$ cat target.cif   # mmCIF, C-alpha atoms
data_start
#
loop_
_atom_site.label_atom_id
_atom_site.label_comp_id
_atom_site.auth_asym_id
_atom_site.auth_seq_id
_atom_site.Cartn_x
_atom_site.Cartn_y
_atom_site.Cartn_z
CA MET A 1391 0.00 0.00 0.00
CA ARG A 1392 2.81 2.37 0.95
CA ASN A 1393 4.59 1.70 -2.34
CA ARG A 1394 1.36 2.41 -4.22
CA ILE A 1395 0.99 5.80 -2.51
CA ILE A 1396 4.60 6.68 -3.36
CA ILE A 1397 4.01 5.75 -7.00
CA ILE A 1398 0.84 7.88 -7.14
CA LEU A 1399 2.61 10.88 -5.58
CA LEU A 1400 5.58 10.46 -7.93
CA SER A 1401 3.21 10.29 -10.88
CA ILE A 1402 1.50 13.54 -9.83
CA THR A 1403 4.88 15.25 -9.37
CA LEU A 1404 6.19 14.11 -12.74
CA THR A 1405 2.96 15.25 -14.42
CA GLY A 1406 3.43 18.72 -12.92
CA TYR A 1407 7.04 18.88 -14.13
CA SER A 1408 5.90 17.65 -17.53
CA GLN A 1409 3.52 20.56 -17.93
CA GLN A 1410 6.17 23.01 -16.71
CA SER A 1411 8.52 21.69 -19.37
CA LEU A 1412 5.92 22.55 -22.05
CA LEU A 1413 6.45 26.26 -21.35
CA GLN A 1414 8.92 27.77 -23.83
CA SER A 1415 8.77 31.39 -22.67
CA GLY A 1416 6.57 33.74 -20.68
CA PRO A 1417 4.14 34.41 -19.26
CA MET A 1418 4.50 37.99 -20.45
CA LEU A 1419 2.16 40.84 -19.58
CA GLY A 1420 0.86 42.83 -22.53
CA TYR A 1421 -1.30 45.90 -22.71
CA SER A 1422 -3.25 47.01 -19.65
CA GLU A 1423 -6.57 48.83 -19.79
CA MET A 1424 -9.21 49.55 -17.17
CA LYS A 1425 -11.36 46.55 -18.10
CA GLU A 1426 -8.97 44.25 -19.94
CA VAL A 1427 -5.41 42.95 -19.78
CA MET A 1428 -3.52 40.68 -22.19
CA ILE A 1429 -1.15 37.90 -21.10
CA TRP A 1430 1.12 36.18 -23.63
CA LEU A 1431 3.07 32.94 -23.47
CA GLN A 1432 4.66 30.34 -25.70
CA THR A 1433 4.69 26.57 -25.40
CA ASN A 1434 7.02 24.19 -27.24
CA GLU A 1435 4.32 21.88 -28.55
CA SER A 1436 0.57 21.95 -29.03
CA ALA A 1437 -1.19 22.56 -25.73
CA ALA A 1438 -4.27 24.07 -24.13
CA VAL A 1439 -3.49 27.17 -22.09
CA LYS A 1440 -5.55 29.20 -19.62
CA ILE A 1441 -5.00 31.74 -16.86
CA ALA A 1442 -6.62 31.96 -13.43
CA TYR A 1443 -6.59 35.41 -11.81
CA TRP A 1444 -7.93 37.13 -8.71
CA ALA A 1445 -7.72 40.53 -7.02
CA GLU A 1446 -5.13 40.71 -4.26
CA THR A 1447 -7.86 42.06 -1.99
CA ASN A 1448 -10.28 39.22 -2.76
CA THR A 1449 -8.46 35.92 -3.01
CA SER A 1450 -11.65 33.88 -2.80
CA GLN A 1451 -13.05 35.03 -6.17
CA ILE A 1452 -11.05 33.36 -8.95
CA THR A 1453 -11.78 34.09 -12.60
CA TRP A 1454 -10.54 32.21 -15.66
CA THR A 1455 -9.63 33.34 -19.13
CA ASP A 1456 -10.92 31.41 -22.11
CA ILE A 1457 -8.82 28.41 -23.08
CA VAL A 1458 -6.44 29.11 -25.97
CA ASN A 1459 -4.92 26.28 -27.98
CA ALA A 1460 -1.30 27.07 -28.76
CA GLY A 1461 -0.30 25.33 -31.97
CA LYS A 1462 2.22 25.29 -34.78
CA SER A 1463 0.26 27.77 -36.92
CA THR A 1464 0.84 30.46 -34.27
CA ALA A 1465 4.41 29.42 -33.37
CA PHE A 1466 2.88 27.85 -30.23
CA THR A 1467 2.12 31.33 -28.88
CA ALA A 1468 -1.05 32.17 -27.00
CA LYS A 1469 -2.64 35.51 -26.16
CA LEU A 1470 -5.04 35.30 -23.25
CA ILE A 1471 -7.43 38.08 -22.28
CA ALA A 1472 -8.35 38.81 -18.67
CA ASP A 1473 -11.68 40.50 -19.37
CA GLU A 1474 -13.41 40.37 -16.00
CA ILE A 1475 -11.39 42.96 -14.16
CA GLU A 1476 -12.09 46.33 -12.55
CA PRO A 1477 -10.01 49.53 -12.81
CA GLY A 1478 -7.12 50.28 -10.52
CA ILE A 1479 -6.63 46.81 -9.06
CA THR A 1480 -3.58 44.55 -8.78
CA TYR A 1481 -4.31 40.93 -9.65
CA GLN A 1482 -2.38 37.76 -9.03
CA TYR A 1483 -2.49 35.06 -11.68
CA LYS A 1484 -1.57 31.44 -12.34
CA VAL A 1485 -0.78 29.70 -15.62
CA TYR A 1486 -2.26 26.33 -16.53
CA ILE A 1487 -1.09 24.16 -19.42
CA ASN A 1488 -3.26 21.14 -20.19
CA ASP A 1489 -5.11 21.80 -16.90
CA LYS A 1490 -1.92 21.57 -14.83
CA GLU A 1491 -0.71 24.55 -12.80
CA LEU A 1492 2.79 25.90 -13.47
CA ILE A 1493 4.98 26.95 -10.55
CA PHE A 1494 7.34 29.94 -10.73
CA ASN A 1495 10.00 31.12 -8.32
CA TYR A 1496 8.96 34.76 -8.75
CA PRO A 1497 5.62 36.59 -8.42
CA THR A 1498 3.07 36.68 -11.22
CA LYS A 1499 0.95 39.82 -11.01
CA PHE A 1500 -0.73 42.28 -13.37
CA GLN A 1501 -2.53 45.58 -12.89
CA SER A 1502 -5.47 47.34 -14.45
CA GLN A 1503 -5.28 51.05 -15.04
CA PRO A 1504 -7.13 53.30 -12.57
CA ILE A 1505 -9.95 55.73 -13.27
CA TRP A 1506 -8.59 59.11 -12.25
CA LYS A 1507 -10.20 61.81 -14.40
CA HIS A 1508 -12.72 63.97 -12.50
CA ARG A 1509 -11.69 62.10 -9.35
CA GLY A 1510 -8.25 63.44 -8.42
CA ASP A 1511 -4.68 63.64 -9.57
CA PRO A 1512 -3.23 61.43 -12.31
CA PRO A 1513 -1.47 58.32 -11.01
CA THR A 1514 2.25 58.15 -10.44
CA PHE A 1515 3.74 55.41 -12.59
CA LYS A 1516 7.10 54.12 -13.73
CA LEU A 1517 8.12 53.38 -17.32
CA ALA A 1518 11.25 51.45 -18.33
CA THR A 1519 12.68 51.68 -21.82
CA GLY A 1520 15.65 50.54 -23.88
CA SER A 1521 16.72 49.06 -27.20
CA CYS A 1522 19.16 46.73 -28.95
CA VAL A 1523 18.98 43.18 -27.56
CA TYR A 1524 21.49 40.79 -29.11
CA ILE A 1525 21.40 37.29 -27.60
CA ASN A 1526 24.38 35.22 -28.68
CA GLU A 1527 23.89 31.94 -30.54
CA LYS A 1528 27.30 30.67 -31.59
CA ALA A 1529 26.12 28.57 -34.51
CA TYR A 1530 24.73 31.63 -36.31
CA ASP A 1531 26.77 34.55 -34.93
CA ARG A 1532 29.54 36.42 -36.68
CA PRO A 1533 33.02 34.97 -36.08
CA GLY A 1534 35.23 36.30 -33.32
CA LYS A 1535 34.20 38.10 -30.16
CA PRO A 1536 30.47 37.70 -29.39
CA TYR A 1537 28.44 40.80 -30.25
CA GLY A 1538 26.07 40.30 -27.33
CA SER A 1539 26.91 40.69 -23.65
CA ASP A 1540 25.62 38.56 -20.82
CA SER A 1541 22.02 39.26 -19.82
CA HIS A 1542 22.13 40.30 -16.17
CA ILE A 1543 20.82 43.75 -17.17
CA PHE A 1544 17.32 42.25 -17.27
CA THR A 1545 17.66 41.20 -13.63
CA GLN A 1546 18.54 44.81 -12.79
CA LEU A 1547 15.58 46.01 -14.82
CA TYR A 1548 13.25 43.68 -12.95
CA LYS A 1549 14.49 45.11 -9.63
CA GLN A 1550 13.22 48.53 -10.71
CA GLN A 1551 9.66 47.12 -10.69
CA PRO A 1552 8.41 49.29 -13.57
CA ASP A 1553 4.69 49.39 -14.27
CA LEU A 1554 5.30 49.17 -18.00
CA MET A 1555 8.13 48.91 -20.51
CA ILE A 1556 8.46 50.14 -24.08
CA TRP A 1557 10.94 48.21 -26.22
CA LEU A 1558 12.42 50.68 -28.71
CA GLY A 1559 13.41 48.38 -31.55
CA ASP A 1560 16.21 45.98 -32.40
CA ASN A 1561 14.52 43.89 -29.73
CA LEU A 1562 16.20 40.95 -31.43
CA TYR A 1563 18.73 40.60 -34.23
CA TYR A 1564 17.83 38.53 -37.25
CA ARG A 1565 20.87 36.82 -38.76
CA GLU A 1566 21.45 35.69 -42.35
CA PRO A 1567 19.77 32.30 -41.81
CA ASP A 1568 16.70 34.01 -40.33
CA TRP A 1569 15.10 36.81 -42.32
CA ASN A 1570 14.37 35.03 -45.62
CA SER A 1571 12.27 32.18 -44.22
CA TRP A 1572 9.38 31.75 -41.82
CA THR A 1573 11.32 29.00 -40.04
CA GLY A 1574 14.28 31.30 -39.47
CA ILE A 1575 12.09 34.19 -38.36
CA LEU A 1576 10.33 32.08 -35.75
CA HIS A 1577 13.61 30.57 -34.57
CA ARG A 1578 15.10 33.98 -33.82
CA ASN A 1579 11.99 35.26 -32.02
CA THR A 1580 11.76 32.10 -29.94
CA HIS A 1581 15.47 32.05 -29.10
CA THR A 1582 15.50 35.64 -27.85
CA ARG A 1583 12.22 35.47 -25.96
CA SER A 1584 13.33 32.28 -24.13
CA LEU A 1585 16.21 33.98 -22.31
CA PRO A 1586 15.97 32.84 -18.65
CA GLU A 1587 17.04 36.20 -17.17
CA LEU A 1588 14.18 37.87 -19.01
CA GLN A 1589 11.30 35.82 -17.60
CA PRO A 1590 10.64 37.58 -14.24
CA LEU A 1591 10.51 40.97 -15.99
CA LEU A 1592 8.12 39.62 -18.61
CA ALA A 1593 5.79 38.18 -16.00
CA ASN A 1594 5.29 41.30 -13.87
CA THR A 1595 5.66 44.37 -16.12
CA HIS A 1596 3.29 45.35 -18.93
CA HIS A 1597 5.13 45.36 -22.26
CA TYR A 1598 4.72 47.36 -25.48
CA ALA A 1599 7.06 47.41 -28.49
CA ILE A 1600 8.06 49.05 -31.74
CA TRP A 1601 10.65 47.66 -34.11
CA ASP A 1602 13.73 48.85 -35.98
CA ASP A 1603 15.79 47.35 -38.78
CA HIS A 1604 17.16 44.27 -36.99
CA ASP A 1605 13.79 42.93 -35.85
CA TYR A 1606 12.22 44.00 -39.16
CA GLY A 1607 14.78 42.48 -41.52
CA PRO A 1608 18.42 42.95 -42.59
CA ASN A 1609 20.59 45.83 -41.40
CA ASP A 1610 19.28 49.27 -42.52
CA SER A 1611 16.31 47.65 -44.27
CA ASP A 1612 13.48 49.75 -45.69
CA LYS A 1613 10.14 49.38 -47.50
CA SER A 1614 11.83 47.35 -50.24
CA PHE A 1615 12.44 44.36 -47.93
CA TRP A 1616 10.62 41.57 -49.69
CA ASN A 1617 9.72 39.53 -46.58
CA LYS A 1618 8.35 42.35 -44.41
CA ASN A 1619 4.86 40.86 -44.27
CA GLN A 1620 6.29 37.73 -42.67
CA THR A 1621 8.35 39.61 -40.09
CA MET A 1622 5.25 41.72 -39.42
CA LYS A 1623 3.27 38.54 -38.83
CA ALA A 1624 5.92 37.34 -36.35
CA PHE A 1625 5.89 40.72 -34.59
CA GLU A 1626 2.13 40.32 -34.13
CA LEU A 1627 2.56 36.81 -32.74
CA PHE A 1628 5.31 37.67 -30.26
CA TRP A 1629 4.28 41.10 -28.96
CA PRO A 1630 1.08 41.80 -27.00
CA ASN A 1631 0.49 45.35 -28.28
CA PRO A 1632 -3.00 46.91 -28.32
CA SER A 1633 -2.94 46.92 -32.14
CA PHE A 1634 -0.75 46.30 -35.17
CA GLY A 1635 -1.57 49.18 -37.46
CA ILE A 1636 -4.38 51.70 -37.19
CA GLY A 1637 -7.54 51.20 -39.25
CA ASN A 1638 -6.43 50.09 -42.71
CA MET A 1639 -2.85 51.29 -42.13
CA LYS A 1640 -0.40 48.41 -41.78
CA GLY A 1641 2.78 48.29 -39.75
CA ALA A 1642 4.12 48.09 -36.20
CA ILE A 1643 1.98 51.10 -35.28
CA SER A 1644 -0.13 51.51 -32.16
CA PHE A 1645 -1.35 53.87 -29.46
CA PHE A 1646 -2.24 53.62 -25.79
CA GLN A 1647 -2.81 55.80 -22.76
CA TRP A 1648 -1.46 55.41 -19.25
CA GLY A 1649 -2.65 57.94 -16.71
CA ASP A 1650 -2.41 61.43 -18.21
CA VAL A 1651 0.08 60.37 -20.91
CA ASP A 1652 -0.53 59.44 -24.54
CA PHE A 1653 1.90 56.92 -26.05
CA ILE A 1654 2.29 56.95 -29.83
CA LEU A 1655 4.14 53.94 -31.26
CA LEU A 1656 5.52 54.56 -34.74
CA ASP A 1657 6.92 52.33 -37.49
CA ASN A 1658 10.11 53.70 -39.10
CA ARG A 1659 10.68 50.74 -41.45
CA TYR A 1660 7.55 49.54 -43.26
CA TYR A 1661 7.13 52.75 -45.31
CA ARG A 1662 10.71 54.01 -45.26
CA ASP A 1663 12.32 55.15 -48.52
CA PRO A 1664 15.73 53.56 -49.17
CA ASN A 1665 18.64 55.51 -47.67
CA ASN A 1666 20.43 55.57 -51.03
CA LEU A 1667 17.43 56.82 -53.00
CA LYS A 1668 18.25 60.11 -54.75
CA GLU A 1669 15.01 62.02 -54.52
CA GLY A 1670 13.95 65.45 -53.31
CA ARG A 1671 11.10 64.49 -50.98
CA LYS A 1672 11.84 61.38 -48.95
CA THR A 1673 9.84 59.83 -46.14
CA ILE A 1674 10.49 57.55 -43.19
CA LEU A 1675 6.92 57.32 -41.93
CA GLY A 1676 5.00 57.40 -45.19
CA ILE A 1677 2.22 59.84 -46.05
CA GLU A 1678 -0.58 58.04 -44.18
CA GLN A 1679 1.35 57.42 -40.95
CA LEU A 1680 2.69 60.98 -40.95
CA GLN A 1681 -0.82 62.39 -41.28
CA TRP A 1682 -2.04 60.10 -38.48
CA LEU A 1683 0.77 61.36 -36.23
CA ARG A 1684 -0.26 64.95 -36.89
CA ASN A 1685 -3.89 64.17 -36.13
CA VAL A 1686 -3.05 62.38 -32.88
CA LEU A 1687 -0.78 65.18 -31.67
CA VAL A 1688 -3.25 67.96 -32.38
CA THR A 1689 -6.13 66.02 -30.84
CA SER A 1690 -4.33 64.89 -27.70
CA GLU A 1691 -5.27 66.47 -24.37
CA ALA A 1692 -2.58 64.51 -22.52
CA THR A 1693 -0.02 66.22 -20.30
CA PHE A 1694 2.80 64.44 -22.13
CA LYS A 1695 2.81 62.96 -25.63
CA ILE A 1696 5.41 60.20 -25.78
CA ILE A 1697 6.44 59.21 -29.31
CA ALA A 1698 8.34 55.92 -29.62
CA LEU A 1699 10.49 55.76 -32.76
CA GLY A 1700 13.25 53.37 -33.77
CA GLY A 1701 15.91 55.92 -34.76
CA GLN A 1702 17.06 59.25 -33.37
CA PHE A 1703 14.77 62.15 -34.21
CA LEU A 1704 16.20 65.39 -32.83
CA THR A 1705 19.97 65.03 -33.12
CA THR A 1706 21.56 67.44 -35.58
CA VAL A 1707 24.19 64.84 -36.48
CA ALA A 1708 23.70 63.58 -40.04
CA ALA A 1709 25.20 60.12 -39.53
CA TYR A 1710 24.05 56.51 -39.78
CA GLU A 1711 20.23 56.44 -39.72
CA THR A 1712 19.39 59.60 -37.79
CA TYR A 1713 16.40 61.58 -39.05
CA SER A 1714 18.84 64.33 -40.12
CA ASN A 1715 20.64 61.98 -42.54
CA ASN A 1716 19.99 60.26 -45.88
CA GLY A 1717 17.63 62.97 -47.19
CA PHE A 1718 15.02 62.70 -44.42
CA LYS A 1719 15.77 65.99 -42.67
CA SER A 1720 12.95 67.83 -44.43
CA GLU A 1721 10.38 65.43 -42.91
CA ARG A 1722 11.99 65.89 -39.49
CA ASP A 1723 11.76 69.65 -39.85
CA GLU A 1724 8.12 69.45 -40.98
CA ILE A 1725 7.19 67.52 -37.84
CA ILE A 1726 8.98 70.05 -35.64
CA GLN A 1727 7.29 72.96 -37.42
CA PHE A 1728 3.89 71.31 -37.01
CA ILE A 1729 4.47 71.00 -33.25
CA TYR A 1730 5.44 74.68 -33.18
CA ASP A 1731 2.55 75.88 -35.36
CA GLN A 1732 -0.01 73.96 -33.32
CA ASN A 1733 1.67 74.91 -30.02
CA ILE A 1734 1.73 71.30 -28.81
CA ASN A 1735 3.33 71.01 -25.38
CA GLY A 1736 4.79 67.94 -23.71
CA VAL A 1737 6.23 66.11 -26.73
CA VAL A 1738 8.96 63.62 -25.79
CA PHE A 1739 10.50 61.21 -28.29
CA LEU A 1740 11.82 57.88 -27.02
CA THR A 1741 14.36 56.47 -29.48
CA GLY A 1742 17.01 53.76 -29.71
CA ASP A 1743 19.24 52.26 -32.41
CA ARG A 1744 22.52 54.11 -31.81
CA HIS A 1745 24.27 51.85 -29.24
CA PHE A 1746 24.81 54.78 -26.95
CA THR A 1747 22.52 57.00 -24.87
CA GLU A 1748 21.93 60.74 -24.87
CA LEU A 1749 19.17 63.26 -24.17
CA SER A 1750 18.48 66.00 -26.74
CA LEU A 1751 16.45 69.16 -26.15
CA LEU A 1752 15.15 71.56 -28.79
CA LYS A 1753 14.39 74.83 -27.04
CA ALA A 1754 13.30 78.02 -28.80
CA GLU A 1755 11.91 81.29 -27.46
CA GLY A 1756 8.12 81.21 -27.33
CA LYS A 1757 7.96 77.62 -28.62
CA PRO A 1758 7.18 74.33 -26.86
CA ASN A 1759 10.19 72.33 -25.73
CA ILE A 1760 10.76 69.07 -27.61
CA TYR A 1761 12.84 66.25 -26.10
CA ASP A 1762 14.43 63.12 -27.52
CA LEU A 1763 15.66 60.47 -25.08
CA THR A 1764 17.81 57.93 -26.89
CA THR A 1765 18.47 54.77 -24.84
CA SER A 1766 20.83 52.08 -26.19
CA SER A 1767 22.00 49.41 -25.85
CA LEU A 1768 20.69 46.69 -23.57
CA THR A 1769 22.96 43.79 -24.56
CA SER A 1770 24.29 44.41 -28.09
CA GLY A 1771 27.65 45.96 -28.89
CA VAL A 1772 28.34 49.41 -27.46
CA SER A 1773 29.55 52.32 -29.60
CA THR A 1774 33.01 53.64 -28.84
CA HIS A 1775 33.21 57.05 -30.50
CA GLU A 1776 29.75 58.63 -30.85
CA GLU A 1777 30.30 60.77 -27.75
CA ASP A 1778 32.47 62.91 -30.03
CA GLU A 1779 29.52 63.66 -32.33
CA GLU A 1780 28.58 67.34 -32.36
CA ASN A 1781 24.89 67.08 -31.61
CA GLN A 1782 24.00 70.73 -31.05
CA LEU A 1783 20.90 69.76 -29.05
CA ARG A 1784 22.57 67.36 -26.62
CA VAL A 1785 21.89 67.93 -22.92
CA GLU A 1786 25.23 68.11 -21.20
CA ASN A 1787 26.50 65.04 -19.33
CA THR A 1788 23.86 62.64 -20.68
CA VAL A 1789 26.05 60.54 -22.99
CA VAL A 1790 26.41 56.92 -21.84
CA MET A 1791 28.74 54.53 -23.67
CA LYS A 1792 27.95 51.26 -21.90
CA HIS A 1793 24.98 48.93 -21.50
CA ASN A 1794 22.10 50.81 -19.95
CA TYR A 1795 18.36 51.43 -19.74
CA SER A 1796 16.18 54.38 -18.75
CA VAL A 1797 13.41 54.63 -16.16
CA LEU A 1798 10.90 57.47 -16.39
CA GLU A 1799 8.68 58.25 -13.42
CA PHE A 1800 5.58 60.32 -14.17
CA THR A 1801 4.57 62.11 -11.01
CA GLY A 1802 3.09 65.27 -9.50
CA VAL A 1803 -0.35 66.78 -9.01
CA LEU A 1804 -2.69 67.74 -11.84
CA GLY A 1805 -1.34 70.78 -13.67
CA LYS A 1806 2.15 70.38 -12.20
CA ARG A 1807 3.23 67.05 -13.57
CA LYS A 1808 6.81 66.10 -14.30
CA ILE A 1809 8.90 63.26 -15.70
CA VAL A 1810 11.88 62.20 -13.64
CA ILE A 1811 14.31 60.41 -15.98
CA ARG A 1812 17.01 58.16 -14.57
CA ASN A 1813 19.51 56.40 -16.79
CA ILE A 1814 20.93 53.26 -15.16
CA ASP A 1815 23.72 50.89 -16.14
CA ASP A 1816 23.69 47.09 -16.19
CA LYS A 1817 24.95 46.92 -12.60
CA GLY A 1818 22.16 49.11 -11.26
CA LYS A 1819 24.24 52.29 -10.94
CA GLU A 1820 22.56 55.58 -11.88
CA ASN A 1821 24.42 57.33 -14.71
CA TRP A 1822 22.44 60.56 -14.67
CA LYS A 1823 19.11 62.08 -13.68
CA TYR A 1824 17.00 64.76 -15.37
CA GLN A 1825 13.54 66.28 -14.88
CA ILE A 1826 11.06 67.44 -17.50
CA HIS A 1827 8.37 69.73 -16.08
CA GLN A 1828 4.93 70.28 -17.54
CA GLN A 1829 4.88 73.49 -19.60
#
$ encode --input "target.cif" --output "structure tokens"
Amino acid sequence: MRNRIIIILLSITLTGYSQQSLLQSGPMLGYSEMKEVMIWLQTNESAAVKIAYWAETNTSQITWTDIVNAGKSTAFTAKLIADEIEPGITYQYKVYINDKELIFNYPTKFQSQPIWKHRGDPPTFKLATGSCVYINEKAYDRPGKPYGSDSHIFTQLYKQQPDLMIWLGDNLYYREPDWNSWTGILHRNTHTRSLPELQPLLANTHHYAIWDDHDYGPNDSDKSFWNKNQTMKAFELFWPNPSFGIGNMKGAISFFQWGDVDFILLDNRYYRDPNNLKEGRKTILGIEQLQWLRNVLVTSEATFKIIALGGQFLTTVAAYETYSNNGFKSERDEIIQFIYDQNINGVVFLTGDRHFTELSLLKAEGKPNIYDLTTSSLTSGVSTHEEDEENQLRVENTVVMKHNYSVLEFTGVLGKRKIVIRNIDDKGKENWKYQIHQQ
């Protein structure tokens, strides 16, 4: 009898471990709204997935998401919707694969956004951001010294306990075997997302993303990239954004609000003219996306309008793929002039790409201030000479030439809001701090 009990208990234990082993990556929190939250995960074979969740203040009332079948057609990814939530509440959740609960050695919590308008001050919240994530894979990497660093920066990021994170492009690096086939595209997305150091951050922070050239296609790729619809499809499968395009407009384009802030996520690749194209009027965003950006900015009543864009916008340096280079400066200047003409306050660009960090400020008498916070890189190679660039708009002492990320805290009472920016290195040391006050 005793042996039978041991066998039964061992069978139950092995079944639990079996289901845990079906998890490839995640869970990962996606967008958060007042009545709905998305949770993403990936299995490594076909499986039925569901989430149980409950308010921290009411542990007796457990709610379940619908069951989602993760299969090969969706790269074994699943997007689950928690749609029975109330605003301003922190929820705990559990993951079940094939009806078996998974056990994690870190918390699994999500939050719904609070109702604050007409009730009090906007909420204080913390945003993390960064770009350029190269995860080494020797079989497919360039020869010689690995281009990617170790990944302990994500452990440091997790310690910051941000409410949300915006990934600013080059969130993975397609290699030559990857970008021309669906198999290669899925391999690279799965390999990067499965990084062990990344999992606690994924499970407890709400994530949003744009892309840049390396997670869109080959280096410096543009609208001519033949396989962009496939990489777009993979971006949709692996990122839990609120949308992928606006209306009939395709691309890695989206929008969301958090507190008194509007977040505008732009696509600088899908419609981009080739860098080498000799033409008078060139575009990065394309006519339709550019017009949508104008409409959103002029309509917004938010204290701050945060624009996420893959490459640097403000810098006056015409090098690499900055907006001032390759014939795109006229579009940059048009956007700036529109902000001036419409007297739009609180515009802050969040950009990546450059493998170093700096803050730029465009300040003119009688005009709204415009900021551009470039944050790079998280794990990919670090630039060694760009601090010598003569960016006329650079804020003094904000250049960082090592692995880093930025944390922005939105705080203050209604009418006197501010953003406290801290740039932090991969060991958790603060590089610099800067405040942007509501105009």
$ closest_atom_pairs --input "target.cif" --of "stretch 1655-1696 of chain A" --to "stretch 1701-1704 of chain A" --cutoff "12 Å" --atoms "only C-alpha atoms" --output "tab-separated table"
residue	atom	partner	partner_atom	distance
A:Leu1656	CA	A:Gly1701	CA	10.5
A:Asp1657	CA	A:Gly1701	CA	10.1
A:Asn1658	CA	A:Gly1701	CA	7.6
A:Arg1659	CA	A:Gly1701	CA	9.9
A:Arg1662	CA	A:Gly1701	CA	11.9
A:Ile1674	CA	A:Gly1701	CA	10.2
A:Leu1675	CA	A:Gly1701	CA	11.6
$ atom_distance --input "target.cif" --atom1 "atom CA of A:Trp1569" --atom2 "atom CA of A:Tyr1524"
15.2 Å
$ residues_around --input "target.cif" --residues "A:Glu1587" --least-positions-apart "2" --cutoff "10 Å" --atoms "only C-alpha atoms" --output "ChimeraX atom specification"
/A:1540-1546,1548,1584-1585,1589-1592
$ write_last_selection --input "target.cif" --atoms "C-alpha atoms" --output "PDB file, keeping the file's coordinate frame"
ATOM      1  CA  ASP A1540      25.620  38.560 -20.820  1.00  0.00           C
ATOM      2  CA  SER A1541      22.020  39.260 -19.820  1.00  0.00           C
ATOM      3  CA  HIS A1542      22.130  40.300 -16.170  1.00  0.00           C
ATOM      4  CA  ILE A1543      20.820  43.750 -17.170  1.00  0.00           C
ATOM      5  CA  PHE A1544      17.320  42.250 -17.270  1.00  0.00           C
ATOM      6  CA  THR A1545      17.660  41.200 -13.630  1.00  0.00           C
ATOM      7  CA  GLN A1546      18.540  44.810 -12.790  1.00  0.00           C
ATOM      8  CA  TYR A1548      13.250  43.680 -12.950  1.00  0.00           C
ATOM      9  CA  SER A1584      13.330  32.280 -24.130  1.00  0.00           C
ATOM     10  CA  LEU A1585      16.210  33.980 -22.310  1.00  0.00           C
ATOM     11  CA  GLN A1589      11.300  35.820 -17.600  1.00  0.00           C
ATOM     12  CA  PRO A1590      10.640  37.580 -14.240  1.00  0.00           C
ATOM     13  CA  LEU A1591      10.510  40.970 -15.990  1.00  0.00           C
ATOM     14  CA  LEU A1592       8.120  39.620 -18.610  1.00  0.00           C
TER      15      LEU A1592
END
$ resolve_selection --input "target.cif" --expression "the PyMOL selection byres ((chain A and resi 1601) around 8)" --output "ChimeraX atom specification"
/A:1557-1561,1599-1600,1602-1606,1642,1657-1659,1700
$ resolve_selection --input "target.cif" --expression "the PyMOL selection byres ((chain A and resi 1732) around 10)" --output "list of chain:residue names"
A:Arg1684, A:Leu1687, A:Val1688, A:Gln1727, A:Phe1728, A:Ile1729, A:Tyr1730, A:Asp1731, A:Asn1733, A:Ile1734, A:Asn1735, A:Lys1757, A:Pro1758
$ residues_around --input "target.cif" --residues "stretch 1747-1752 of chain A" --least-positions-apart "4" --cutoff "7 Å" --atoms "all atoms listed in the file" --output "JSON, numbers by chain"
{"A": [1704, 1705, 1759, 1760, 1761, 1762, 1763, 1764, 1765, 1766, 1783, 1784, 1785, 1788, 1789, 1790, 1791]}
$ write_last_selection --input "target.cif" --atoms "C-alpha atoms" --output "mmCIF file, in the frame of the given file"
data_model
loop_
_atom_site.group_PDB
_atom_site.id
_atom_site.type_symbol
_atom_site.label_atom_id
_atom_site.label_comp_id
_atom_site.auth_asym_id
_atom_site.auth_seq_id
_atom_site.Cartn_x
_atom_site.Cartn_y
_atom_site.Cartn_z
ATOM 1 C CA LEU A 1704 16.200 65.390 -32.830
ATOM 2 C CA THR A 1705 19.970 65.030 -33.120
ATOM 3 C CA ASN A 1759 10.190 72.330 -25.730
ATOM 4 C CA ILE A 1760 10.760 69.070 -27.610
ATOM 5 C CA TYR A 1761 12.840 66.250 -26.100
ATOM 6 C CA ASP A 1762 14.430 63.120 -27.520
ATOM 7 C CA LEU A 1763 15.660 60.470 -25.080
ATOM 8 C CA THR A 1764 17.810 57.930 -26.890
ATOM 9 C CA THR A 1765 18.470 54.770 -24.840
ATOM 10 C CA SER A 1766 20.830 52.080 -26.190
ATOM 11 C CA LEU A 1783 20.900 69.760 -29.050
ATOM 12 C CA ARG A 1784 22.570 67.360 -26.620
ATOM 13 C CA VAL A 1785 21.890 67.930 -22.920
ATOM 14 C CA THR A 1788 23.860 62.640 -20.680
ATOM 15 C CA VAL A 1789 26.050 60.540 -22.990
ATOM 16 C CA VAL A 1790 26.410 56.920 -21.840
ATOM 17 C CA MET A 1791 28.740 54.530 -23.670
#
$ resolve_selection --input "target.cif" --expression "the PyMOL selection byres ((chain A and resi 1708) around 12)" --output "tab-separated table (two decimals) with C-alpha atoms, keeping the file's coordinate frame"
chain	number	residue	atom	x	y	z
A	1702	GLN	CA	17.06	59.25	-33.37
A	1703	PHE	CA	14.77	62.15	-34.21
A	1704	LEU	CA	16.20	65.39	-32.83
A	1705	THR	CA	19.97	65.03	-33.12
A	1706	THR	CA	21.56	67.44	-35.58
A	1707	VAL	CA	24.19	64.84	-36.48
A	1709	ALA	CA	25.20	60.12	-39.53
A	1710	TYR	CA	24.05	56.51	-39.78
A	1711	GLU	CA	20.23	56.44	-39.72
A	1712	THR	CA	19.39	59.60	-37.79
A	1713	TYR	CA	16.40	61.58	-39.05
A	1714	SER	CA	18.84	64.33	-40.12
A	1715	ASN	CA	20.64	61.98	-42.54
A	1716	ASN	CA	19.99	60.26	-45.88
A	1717	GLY	CA	17.63	62.97	-47.19
A	1718	PHE	CA	15.02	62.70	-44.42
A	1719	LYS	CA	15.77	65.99	-42.67
A	1722	ARG	CA	11.99	65.89	-39.49
A	1779	GLU	CA	29.52	63.66	-32.33
A	1780	GLU	CA	28.58	67.34	-32.36
A	1781	ASN	CA	24.89	67.08	-31.61
A	1782	GLN	CA	24.00	70.73	-31.05
